[in-house]
$ cat start38.cif   # mmCIF, C-alpha atoms and all ligand atoms
data_upload
loop_
_atom_site.group_PDB
_atom_site.id
_atom_site.type_symbol
_atom_site.label_atom_id
_atom_site.label_comp_id
_atom_site.auth_asym_id
_atom_site.auth_seq_id
_atom_site.Cartn_x
_atom_site.Cartn_y
_atom_site.Cartn_z
ATOM 1 C CA MET A 639 108.662 108.469 119.000
ATOM 2 C CA LEU A 640 108.880 107.390 115.369
ATOM 3 C CA ARG A 641 110.207 109.877 112.876
ATOM 4 C CA TYR A 642 107.885 110.315 109.879
ATOM 5 C CA ASP A 643 108.668 111.913 106.523
ATOM 6 C CA LEU A 644 105.677 111.540 104.219
ATOM 7 C CA HIS A 645 106.594 113.774 101.276
ATOM 8 C CA CYS A 646 109.645 113.530 99.015
ATOM 9 C CA HIS A 647 110.674 113.182 95.384
ATOM 10 C CA SER A 648 112.992 111.015 93.290
ATOM 11 C CA THR A 649 114.266 111.123 89.698
ATOM 12 C CA TRP A 650 110.864 109.726 88.678
ATOM 13 C CA SER A 651 109.637 113.302 89.005
ATOM 14 C CA ASP A 652 111.707 116.365 89.899
ATOM 15 C CA GLY A 653 114.020 114.972 92.584
ATOM 16 C CA VAL A 654 117.726 114.441 91.852
ATOM 17 C CA LEU A 655 118.230 111.106 93.671
ATOM 18 C CA ALA A 656 117.080 107.703 92.462
ATOM 19 C CA PRO A 657 114.385 106.112 94.674
ATOM 20 C CA ALA A 658 116.860 103.773 96.410
ATOM 21 C CA ASP A 659 119.189 106.712 97.139
ATOM 22 C CA VAL A 660 116.319 108.736 98.605
ATOM 23 C CA VAL A 661 115.561 105.802 100.923
ATOM 24 C CA ARG A 662 119.233 105.360 101.899
ATOM 25 C CA ARG A 663 119.528 109.058 102.686
ATOM 26 C CA ALA A 664 116.334 108.878 104.763
ATOM 27 C CA ALA A 665 117.698 105.860 106.670
ATOM 28 C CA GLU A 666 120.991 107.665 107.359
ATOM 29 C CA ARG A 667 118.992 110.612 108.624
ATOM 30 C CA LYS A 668 117.021 108.406 111.021
ATOM 31 C CA VAL A 669 113.657 108.437 109.262
ATOM 32 C CA ASP A 670 111.551 105.513 110.553
ATOM 33 C CA VAL A 671 108.576 105.829 108.172
ATOM 34 C CA LEU A 672 109.023 107.245 104.660
ATOM 35 C CA ALA A 673 106.539 107.956 101.864
ATOM 36 C CA LEU A 674 107.847 108.546 98.344
ATOM 37 C CA THR A 675 105.458 111.004 96.672
ATOM 38 C CA ASP A 676 106.593 111.733 93.135
ATOM 39 C CA HIS A 677 104.474 114.183 91.147
ATOM 40 C CA ASP A 678 101.718 112.370 89.207
ATOM 41 C CA GLU A 679 103.805 109.211 89.154
ATOM 42 C CA MET A 680 104.479 106.005 91.119
ATOM 43 C CA GLY A 681 107.164 104.443 88.940
ATOM 44 C CA GLY A 682 109.731 104.712 91.741
ATOM 45 C CA VAL A 683 107.710 102.860 94.352
ATOM 46 C CA ALA A 684 109.003 99.321 93.700
ATOM 47 C CA GLU A 685 112.667 100.360 93.869
ATOM 48 C CA ALA A 686 112.066 102.442 96.982
ATOM 49 C CA ARG A 687 110.146 99.646 98.674
ATOM 50 C CA ASP A 688 113.002 97.178 98.108
ATOM 51 C CA ALA A 689 115.585 99.654 99.371
ATOM 52 C CA ALA A 690 113.451 100.341 102.437
ATOM 53 C CA ALA A 691 113.234 96.623 103.240
ATOM 54 C CA ASP A 692 117.057 96.474 103.088
ATOM 55 C CA SER A 693 117.584 99.491 105.311
ATOM 56 C CA GLY A 694 114.899 98.939 107.944
ATOM 57 C CA VAL A 695 112.746 101.913 106.955
ATOM 58 C CA LYS A 696 108.972 101.385 106.960
ATOM 59 C CA PHE A 697 107.820 102.348 103.479
ATOM 60 C CA VAL A 698 104.538 103.978 102.488
ATOM 61 C CA ALA A 699 103.610 104.155 98.798
ATOM 62 C CA GLY A 700 102.496 107.608 97.751
ATOM 63 C CA THR A 701 102.120 110.179 95.031
ATOM 64 C CA GLU A 702 101.530 113.935 94.771
ATOM 65 C CA ILE A 703 98.741 114.723 92.317
ATOM 66 C CA SER A 704 98.578 118.057 90.472
ATOM 67 C CA VAL A 705 95.042 119.423 90.682
ATOM 68 C CA SER A 706 93.354 122.473 89.129
ATOM 69 C CA TYR A 707 91.194 124.268 91.685
ATOM 70 C CA LEU A 708 89.502 127.509 90.549
ATOM 71 C CA THR A 709 92.403 129.465 89.051
ATOM 72 C CA HIS A 710 94.993 127.691 91.218
ATOM 73 C CA THR A 711 97.163 124.614 90.950
ATOM 74 C CA ILE A 712 97.076 122.672 94.200
ATOM 75 C CA HIS A 713 98.811 119.441 95.165
ATOM 76 C CA VAL A 714 97.098 116.484 96.805
ATOM 77 C CA LEU A 715 99.146 113.707 98.359
ATOM 78 C CA GLY A 716 97.884 110.143 98.204
ATOM 79 C CA LEU A 717 99.450 108.254 101.114
ATOM 80 C CA GLY A 718 99.336 104.520 101.712
ATOM 81 C CA VAL A 719 97.926 103.759 98.289
ATOM 82 C CA ASP A 720 98.060 100.418 96.488
ATOM 83 C CA ALA A 721 100.685 101.224 93.856
ATOM 84 C CA ASP A 722 99.193 98.660 91.466
ATOM 85 C CA ASN A 723 95.651 100.021 91.527
ATOM 86 C CA PRO A 724 94.603 100.314 87.844
ATOM 87 C CA ALA A 725 92.292 103.327 88.232
ATOM 88 C CA LEU A 726 94.922 105.287 90.155
ATOM 89 C CA LEU A 727 97.629 104.416 87.610
ATOM 90 C CA GLU A 728 95.319 105.386 84.754
ATOM 91 C CA GLY A 729 94.421 108.632 86.522
ATOM 92 C CA LEU A 730 98.076 109.539 87.050
ATOM 93 C CA LYS A 731 98.826 108.782 83.409
ATOM 94 C CA SER A 732 96.045 111.140 82.354
ATOM 95 C CA VAL A 733 97.554 113.882 84.530
ATOM 96 C CA ARG A 734 101.047 113.338 83.079
ATOM 97 C CA HIS A 735 99.604 113.534 79.604
ATOM 98 C CA GLY A 736 100.153 117.014 78.281
ATOM 99 C CA ARG A 737 103.263 117.777 80.319
ATOM 100 C CA ASP A 738 105.514 117.437 77.271
ATOM 101 C CA ASP A 739 103.382 119.794 75.195
ATOM 102 C CA ARG A 740 103.305 122.226 78.110
ATOM 103 C CA ALA A 741 107.097 121.993 78.415
ATOM 104 C CA ARG A 742 107.586 122.767 74.731
ATOM 105 C CA ARG A 743 105.384 125.828 75.122
ATOM 106 C CA MET A 744 107.356 126.852 78.210
ATOM 107 C CA GLY A 745 110.477 126.628 76.042
ATOM 108 C CA GLU A 746 108.828 128.845 73.398
ATOM 109 C CA SER A 747 107.824 131.363 76.036
ATOM 110 C CA LEU A 748 111.394 131.532 77.360
ATOM 111 C CA ALA A 749 112.698 131.835 73.779
ATOM 112 C CA ARG A 750 110.487 134.911 73.297
ATOM 113 C CA ALA A 751 112.200 136.333 76.402
ATOM 114 C CA GLY A 752 115.592 135.738 74.786
ATOM 115 C CA ILE A 753 116.482 132.374 76.358
ATOM 116 C CA ALA A 754 116.978 129.804 73.632
ATOM 117 C CA GLY A 755 117.080 126.025 73.990
ATOM 118 C CA ALA A 756 115.337 125.822 77.351
ATOM 119 C CA TYR A 757 113.147 122.826 76.442
ATOM 120 C CA GLU A 758 116.136 120.804 75.281
ATOM 121 C CA GLY A 759 118.105 122.075 78.269
ATOM 122 C CA ALA A 760 115.418 121.108 80.772
ATOM 123 C CA LEU A 761 115.236 117.636 79.218
ATOM 124 C CA THR A 762 118.854 116.986 80.146
ATOM 125 C CA TYR A 763 117.903 117.421 83.818
ATOM 126 C CA ALA A 764 114.927 115.064 83.676
ATOM 127 C CA GLY A 765 115.296 111.420 84.646
ATOM 128 C CA ASN A 766 111.764 110.712 83.440
ATOM 129 C CA VAL A 767 110.953 112.444 80.183
ATOM 130 C CA SER A 768 107.192 112.057 80.653
ATOM 131 C CA LEU A 769 107.485 114.217 83.717
ATOM 132 C CA LEU A 770 109.193 117.395 82.622
ATOM 133 C CA SER A 771 108.489 119.916 85.360
ATOM 134 C CA ARG A 772 109.139 123.551 86.094
ATOM 135 C CA THR A 773 111.873 122.364 88.459
ATOM 136 C CA HIS A 774 113.881 121.012 85.505
ATOM 137 C CA PHE A 775 113.571 124.366 83.744
ATOM 138 C CA ALA A 776 114.628 126.098 86.969
ATOM 139 C CA ARG A 777 117.761 123.943 87.284
ATOM 140 C CA PHE A 778 118.619 124.726 83.650
ATOM 141 C CA LEU A 779 118.073 128.480 84.136
ATOM 142 C CA VAL A 780 120.191 128.552 87.299
ATOM 143 C CA ASP A 781 123.036 126.472 85.849
ATOM 144 C CA ARG A 782 123.139 128.678 82.743
ATOM 145 C CA GLY A 783 123.455 131.744 84.959
ATOM 146 C CA HIS A 784 120.151 133.378 83.969
ATOM 147 C CA VAL A 785 119.316 133.657 87.656
ATOM 148 C CA HIS A 786 121.391 132.894 90.728
ATOM 149 C CA ASP A 787 119.225 130.342 92.545
ATOM 150 C CA THR A 788 115.995 128.371 92.371
ATOM 151 C CA HIS A 789 114.152 130.676 94.709
ATOM 152 C CA ALA A 790 114.962 133.720 92.568
ATOM 153 C CA CYS A 791 114.126 131.709 89.473
ATOM 154 C CA PHE A 792 110.539 131.111 90.649
ATOM 155 C CA LYS A 793 110.169 134.874 91.063
ATOM 156 C CA ARG A 794 111.512 135.950 87.691
ATOM 157 C CA PHE A 795 110.443 132.981 85.581
ATOM 158 C CA LEU A 796 107.963 130.081 85.481
ATOM 159 C CA VAL A 797 105.190 131.732 87.532
ATOM 160 C CA PRO A 798 102.021 133.451 86.267
ATOM 161 C CA GLY A 799 102.818 136.601 84.305
ATOM 162 C CA LYS A 800 106.505 135.728 83.905
ATOM 163 C CA PRO A 801 108.465 134.162 81.024
ATOM 164 C CA GLY A 802 108.195 130.382 80.945
ATOM 165 C CA TYR A 803 104.772 130.170 82.569
ATOM 166 C CA VAL A 804 102.119 128.291 80.637
ATOM 167 C CA GLU A 805 98.548 127.692 81.820
ATOM 168 C CA HIS A 806 97.716 124.039 82.235
ATOM 169 C CA VAL A 807 94.663 122.014 83.245
ATOM 170 C CA TRP A 808 95.470 119.299 85.795
ATOM 171 C CA ALA A 809 93.185 116.767 87.533
ATOM 172 C CA ASP A 810 89.803 117.613 89.058
ATOM 173 C CA LEU A 811 89.815 117.536 92.853
ATOM 174 C CA PRO A 812 87.011 114.958 93.221
ATOM 175 C CA ASP A 813 88.711 112.711 90.657
ATOM 176 C CA ALA A 814 92.092 112.885 92.414
ATOM 177 C CA ILE A 815 90.570 112.109 95.815
ATOM 178 C CA GLY A 816 88.492 109.319 94.258
ATOM 179 C CA TRP A 817 91.591 107.674 92.731
ATOM 180 C CA ILE A 818 93.409 107.874 96.073
ATOM 181 C CA HIS A 819 90.522 106.470 98.104
ATOM 182 C CA GLY A 820 89.848 103.811 95.467
ATOM 183 C CA ALA A 821 93.446 102.662 95.935
ATOM 184 C CA GLY A 822 93.009 102.482 99.716
ATOM 185 C CA GLY A 823 94.981 105.633 100.521
ATOM 186 C CA LEU A 824 94.457 108.868 102.406
ATOM 187 C CA ALA A 825 94.174 112.233 100.629
ATOM 188 C CA VAL A 826 96.231 115.057 102.108
ATOM 189 C CA LEU A 827 96.286 118.665 100.928
ATOM 190 C CA ALA A 828 99.993 119.381 100.418
ATOM 191 C CA HIS A 829 101.643 122.585 101.719
ATOM 192 C CA PRO A 830 98.430 124.681 102.047
ATOM 193 C CA GLY A 831 100.522 127.704 103.012
ATOM 194 C CA ARG A 832 101.881 127.913 99.496
ATOM 195 C CA TYR A 833 98.621 128.760 97.755
ATOM 196 C CA ARG A 834 98.091 132.432 97.050
ATOM 197 C CA VAL A 835 94.651 132.831 98.579
ATOM 198 C CA THR A 836 93.185 135.168 101.185
ATOM 199 C CA ALA A 837 92.107 133.869 104.613
ATOM 200 C CA THR A 838 88.577 133.527 103.223
ATOM 201 C CA GLY A 839 89.918 131.769 100.142
ATOM 202 C CA MET A 840 91.798 129.306 102.374
ATOM 203 C CA ARG A 841 88.625 128.503 104.306
ATOM 204 C CA LYS A 842 86.808 127.975 101.016
ATOM 205 C CA LEU A 843 89.596 125.664 99.810
ATOM 206 C CA LEU A 844 89.525 123.689 103.074
ATOM 207 C CA ASP A 845 85.703 123.449 102.916
ATOM 208 C CA THR A 846 85.897 122.207 99.341
ATOM 209 C CA PHE A 847 88.650 119.742 100.206
ATOM 210 C CA ARG A 848 86.688 118.383 103.168
ATOM 211 C CA ASP A 849 83.433 118.163 101.162
ATOM 212 C CA ALA A 850 85.299 116.233 98.459
ATOM 213 C CA GLY A 851 86.399 113.703 101.106
ATOM 214 C CA GLY A 852 89.921 114.964 101.895
ATOM 215 C CA ASP A 853 91.409 113.315 104.987
ATOM 216 C CA GLY A 854 94.173 115.611 106.124
ATOM 217 C CA ILE A 855 96.388 118.610 105.501
ATOM 218 C CA GLU A 856 100.135 118.960 105.600
ATOM 219 C CA ILE A 857 101.194 120.927 108.646
ATOM 220 C CA ILE A 858 104.938 120.440 108.780
ATOM 221 C CA SER A 859 106.405 121.221 105.352
ATOM 222 C CA SER A 860 109.482 122.966 104.005
ATOM 223 C CA SER A 861 107.051 125.317 102.235
ATOM 224 C CA HIS A 862 105.792 126.532 105.631
ATOM 225 C CA THR A 863 107.425 128.793 108.195
ATOM 226 C CA PRO A 864 107.452 127.556 111.803
ATOM 227 C CA GLU A 865 104.694 130.123 112.419
ATOM 228 C CA GLN A 866 102.572 128.466 109.733
ATOM 229 C CA PHE A 867 103.021 125.071 111.433
ATOM 230 C CA GLY A 868 100.906 126.516 114.259
ATOM 231 C CA GLU A 869 98.388 128.177 111.929
ATOM 232 C CA TYR A 870 97.704 125.012 109.953
ATOM 233 C CA ALA A 871 97.611 122.914 113.119
ATOM 234 C CA ALA A 872 94.830 125.215 114.356
ATOM 235 C CA LEU A 873 92.956 124.889 111.041
ATOM 236 C CA ALA A 874 93.339 121.088 111.135
ATOM 237 C CA ARG A 875 91.731 121.029 114.600
ATOM 238 C CA VAL A 876 88.860 123.289 113.499
ATOM 239 C CA TYR A 877 88.163 121.304 110.332
ATOM 240 C CA GLY A 878 88.767 117.874 111.830
ATOM 241 C CA PHE A 879 91.586 117.149 109.384
ATOM 242 C CA LYS A 880 94.404 114.821 110.315
ATOM 243 C CA GLY A 881 97.861 116.371 110.140
ATOM 244 C CA SER A 882 100.787 115.282 108.000
ATOM 245 C CA VAL A 883 104.532 115.842 108.091
ATOM 246 C CA GLY A 884 106.896 115.967 105.121
ATOM 247 C CA SER A 885 110.157 117.597 104.116
ATOM 248 C CA ASP A 886 109.176 117.727 100.393
ATOM 249 C CA PHE A 887 112.802 116.782 99.798
ATOM 250 C CA HIS A 888 113.960 117.163 96.174
ATOM 251 C CA ALA A 889 117.765 117.470 96.336
ATOM 252 C CA PRO A 890 120.522 117.713 98.953
ATOM 253 C CA GLY A 891 121.090 121.313 99.990
ATOM 254 C CA GLU A 892 118.080 122.671 98.092
ATOM 255 C CA SER A 893 115.843 123.451 101.061
ATOM 256 C CA TRP A 894 116.014 124.255 104.761
ATOM 257 C CA LEU A 895 114.320 120.941 105.682
ATOM 258 C CA ASP A 896 116.189 117.819 104.617
ATOM 259 C CA LEU A 897 114.774 114.295 104.913
ATOM 260 C CA GLY A 898 113.974 113.579 108.542
ATOM 261 C CA ASP A 899 114.506 117.171 109.707
ATOM 262 C CA SER A 900 110.818 117.856 110.308
ATOM 263 C CA PRO A 901 109.777 118.716 113.859
ATOM 264 C CA PRO A 902 106.945 116.683 115.397
ATOM 265 C CA LEU A 903 103.285 117.549 114.824
ATOM 266 C CA PRO A 904 101.910 120.183 117.207
ATOM 267 C CA GLU A 905 99.812 118.953 120.150
ATOM 268 C CA GLY A 906 96.146 118.199 119.631
ATOM 269 C CA VAL A 907 96.387 117.244 115.963
ATOM 270 C CA THR A 908 95.543 113.653 115.022
ATOM 271 C CA PRO A 909 98.391 112.317 112.887
ATOM 272 C CA ILE A 910 97.531 111.073 109.413
ATOM 273 C CA TRP A 911 99.209 107.772 110.402
ATOM 274 C CA ASN A 912 96.861 107.317 113.401
ATOM 275 C CA ASP A 913 95.211 104.175 111.991
ATOM 276 C CA TRP A 914 98.226 102.658 110.220
HETATM 277 P P1 LIG B 1 105.193 121.690 87.863
HETATM 278 O O1 LIG B 1 104.465 120.503 88.454
HETATM 279 O O2 LIG B 1 105.908 121.350 86.600
HETATM 280 O O3 LIG B 1 104.329 122.907 87.761
HETATM 281 O O4 LIG B 1 106.373 122.042 88.858
HETATM 282 C C1 LIG B 1 106.097 122.317 90.201
HETATM 283 C C2 LIG B 1 107.356 122.128 91.016
HETATM 284 O O5 LIG B 1 108.148 123.301 90.935
HETATM 285 C C3 LIG B 1 107.049 121.984 92.494
HETATM 286 O O6 LIG B 1 106.765 120.663 92.820
HETATM 287 C C4 LIG B 1 108.331 122.428 93.118
HETATM 288 O O7 LIG B 1 109.250 121.373 93.137
HETATM 289 C C5 LIG B 1 108.815 123.490 92.156
HETATM 290 N N1 LIG B 1 108.489 124.845 92.643
HETATM 291 C C6 LIG B 1 107.355 125.534 92.452
HETATM 292 N N2 LIG B 1 107.424 126.765 93.034
HETATM 293 C C7 LIG B 1 108.654 126.829 93.592
HETATM 294 C C8 LIG B 1 109.353 127.822 94.348
HETATM 295 N N3 LIG B 1 108.816 129.006 94.621
HETATM 296 N N4 LIG B 1 110.598 127.528 94.759
HETATM 297 C C9 LIG B 1 111.173 126.336 94.472
HETATM 298 N N5 LIG B 1 110.554 125.368 93.788
HETATM 299 C C10 LIG B 1 109.323 125.598 93.342
HETATM 300 MN MN MN B 2 108.497 119.266 92.939
HETATM 301 MN MN MN B 3 103.932 120.244 95.876
HETATM 302 MN MN MN B 4 106.319 117.781 96.576
#

$ encode --input "start38.cif" --output "structure tokens"
Amino acid sequence: MLRYDLHCHSTWSDGVLAPADVVRRAAERKVDVLALTDHDEMGGVAEARDAAADSGVKFVAGTEISVSYLTHTIHVLGLGVDADNPALLEGLKSVRHGRDDRARRMGESLARAGIAGAYEGALTYAGNVSLLSRTHFARFLVDRGHVHDTHACFKRFLVPGKPGYVEHVWADLPDAIGWIHGAGGLAVLAHPGRYRVTATGMRKLLDTFRDAGGDGIEIISSSHTPEQFGEYAALARVYGFKGSVGSDFHAPGESWLDLGDSPPLPEGVTPIWNDW
């Protein structure tokens, strides 16, 4: 059985490895099919594709689009997209727009909480300055000793109601799905278990996602517990969504699921790669 990993990040967004190094690590870890899915960005696709050709990994071009849904930020993966599609590239650019201003305001918010220089500090962790993310702030805050690890950081800082959090408007769901489909890809709701919604709210989100043309949901993810793998597999069957698998790898040692560590999809779920 082929080993799929359809969600990971490089230095083009908030990962710490260059695209070619992500691919080499995936190859070493026996991944057969890899999608690079940088946040709101596909600048790493060409390098990753070349590295994949050299190392015998089948490469799938992807991206992870930030979307505003009600009061939530959700992430939608575009898998198997044409990385040169003008409307998709333009859409991603529009989503990236505003990240720098947001980051400056995050820096100001942290300054009011007594942490100076966070914007400049976060910048030193970013490979791609147009994609400053909360992850870069988290790495800065951890390395400066304000908090002992990333997990703790996203409890004390950078989340609603805490220093460093700034409201932001991302893409519309129908737009994001339209860009993905227009570029020939499949739209997958990333790590549904991470959204802070009730059971009813989750059904409403899945209804909305399906009505907007969404193709699948992520079932195996480092953001899910093994128990949630089963829960989201059941929801995928009920809703007729295909299921996806991804480590959401950002950096060695940063999460319990490294590249290629994902268990197979539960029985009875149609894989997102069914028609590839
Ligand atoms: P942004 O797109 O700038 O809002 O940053 C979102 C990124 O922050 C996500 O893609 C994750 O990489 C990271 N992140 C968010 N919440 C957490 C968390 N609780 N623990 C670790 N990383 C997180
Ligand atoms: Mn990330
Ligand atoms: Mn995500
Ligand atoms: Mn991700």

$ resolve_selection --input "start38.cif" --expression "the PyMOL selection byres (((not hetatm)) within 6 of (chain B and resi 1))" --output "list in words"
Ser771, Arg772, Thr773, Thr788, His789 and Phe792 of chain A

$ resolve_selection --input "start38.cif" --expression "the PyMOL selection byres (((chain A and resi 757) around 7) and not hetatm)" --output "PyMOL selection string"
chain A and resi 741-742+745+755-756+758-761

$ closest_residue --input "start38.cif" --among "A:Ala691, A:Leu770, A:Ala751, A:Val669" --to "ligand MN 2 (chain B)" --atoms "all atoms listed in the file"
A:Leu770

$ closest_residue --input "start38.cif" --among "A:Val660, A:Leu640, A:Ile712, A:Ala749" --to "ligand MN 3 (chain B)" --atoms "only C-alpha atoms and all ligand atoms"
A:Ile712

$ resolve_selection --input "start38.cif" --expression "the PyMOL selection byres (((not hetatm)) within 8 of (chain B and resi 3))" --output "list in words"
His677, Glu702, Ser704, Ile712, His713, Val714, Ala828, His829 and Asp886 of chain A

$ atom_distance --input "start38.cif" --atom1 "atom CA of Leu715 of chain A" --atom2 "atom CA of Phe697 of chain A"
15.2 Å

$ build_atoms --input "start38.cif" --residues "segment 718-735 of chain A" --atoms "N, CA and C atoms" --output "short mmCIF file (atom, residue, chain, number, x, y, z; two decimals), in the frame of the given file"
data_model
loop_
_atom_site.label_atom_id
_atom_site.label_comp_id
_atom_site.auth_asym_id
_atom_site.auth_seq_id
_atom_site.Cartn_x
_atom_site.Cartn_y
_atom_site.Cartn_z
N GLY A 718 99.76 105.88 101.38
CA GLY A 718 99.34 104.52 101.71
C GLY A 718 98.46 103.91 100.64
N VAL A 719 98.72 104.29 99.40
CA VAL A 719 97.93 103.76 98.29
C VAL A 719 98.49 102.41 97.83
N ASP A 720 97.62 101.64 97.18
CA ASP A 720 98.06 100.42 96.49
C ASP A 720 98.67 100.87 95.16
N ALA A 721 99.98 100.68 95.02
CA ALA A 721 100.68 101.22 93.86
C ALA A 721 100.36 100.48 92.57
N ASP A 722 99.59 99.40 92.66
CA ASP A 722 99.19 98.66 91.47
C ASP A 722 97.74 98.91 91.09
N ASN A 723 97.08 99.80 91.79
CA ASN A 723 95.65 100.02 91.53
C ASN A 723 95.44 100.60 90.12
N PRO A 724 94.72 99.89 89.25
CA PRO A 724 94.60 100.31 87.84
C PRO A 724 93.99 101.70 87.68
N ALA A 725 92.94 102.02 88.44
CA ALA A 725 92.29 103.33 88.23
C ALA A 725 93.22 104.47 88.66
N LEU A 726 93.97 104.26 89.73
CA LEU A 726 94.92 105.29 90.16
C LEU A 726 96.02 105.46 89.10
N LEU A 727 96.56 104.34 88.62
CA LEU A 727 97.63 104.42 87.61
C LEU A 727 97.13 105.10 86.34
N GLU A 728 95.90 104.78 85.95
CA GLU A 728 95.32 105.39 84.75
C GLU A 728 95.11 106.89 84.98
N GLY A 729 94.63 107.23 86.17
CA GLY A 729 94.42 108.63 86.52
C GLY A 729 95.74 109.41 86.47
N LEU A 730 96.78 108.84 87.05
CA LEU A 730 98.08 109.54 87.05
C LEU A 730 98.58 109.72 85.63
N LYS A 731 98.38 108.70 84.80
CA LYS A 731 98.83 108.78 83.41
C LYS A 731 98.10 109.93 82.70
N SER A 732 96.80 110.07 83.00
CA SER A 732 96.04 111.14 82.35
C SER A 732 96.56 112.51 82.82
N VAL A 733 97.03 112.60 84.06
CA VAL A 733 97.55 113.88 84.53
C VAL A 733 98.92 114.18 83.89
N ARG A 734 99.72 113.13 83.70
CA ARG A 734 101.05 113.34 83.08
C ARG A 734 100.91 113.76 81.62
N HIS A 735 99.83 113.25 81.01
CA HIS A 735 99.60 113.53 79.60
C HIS A 735 99.53 115.05 79.42
#
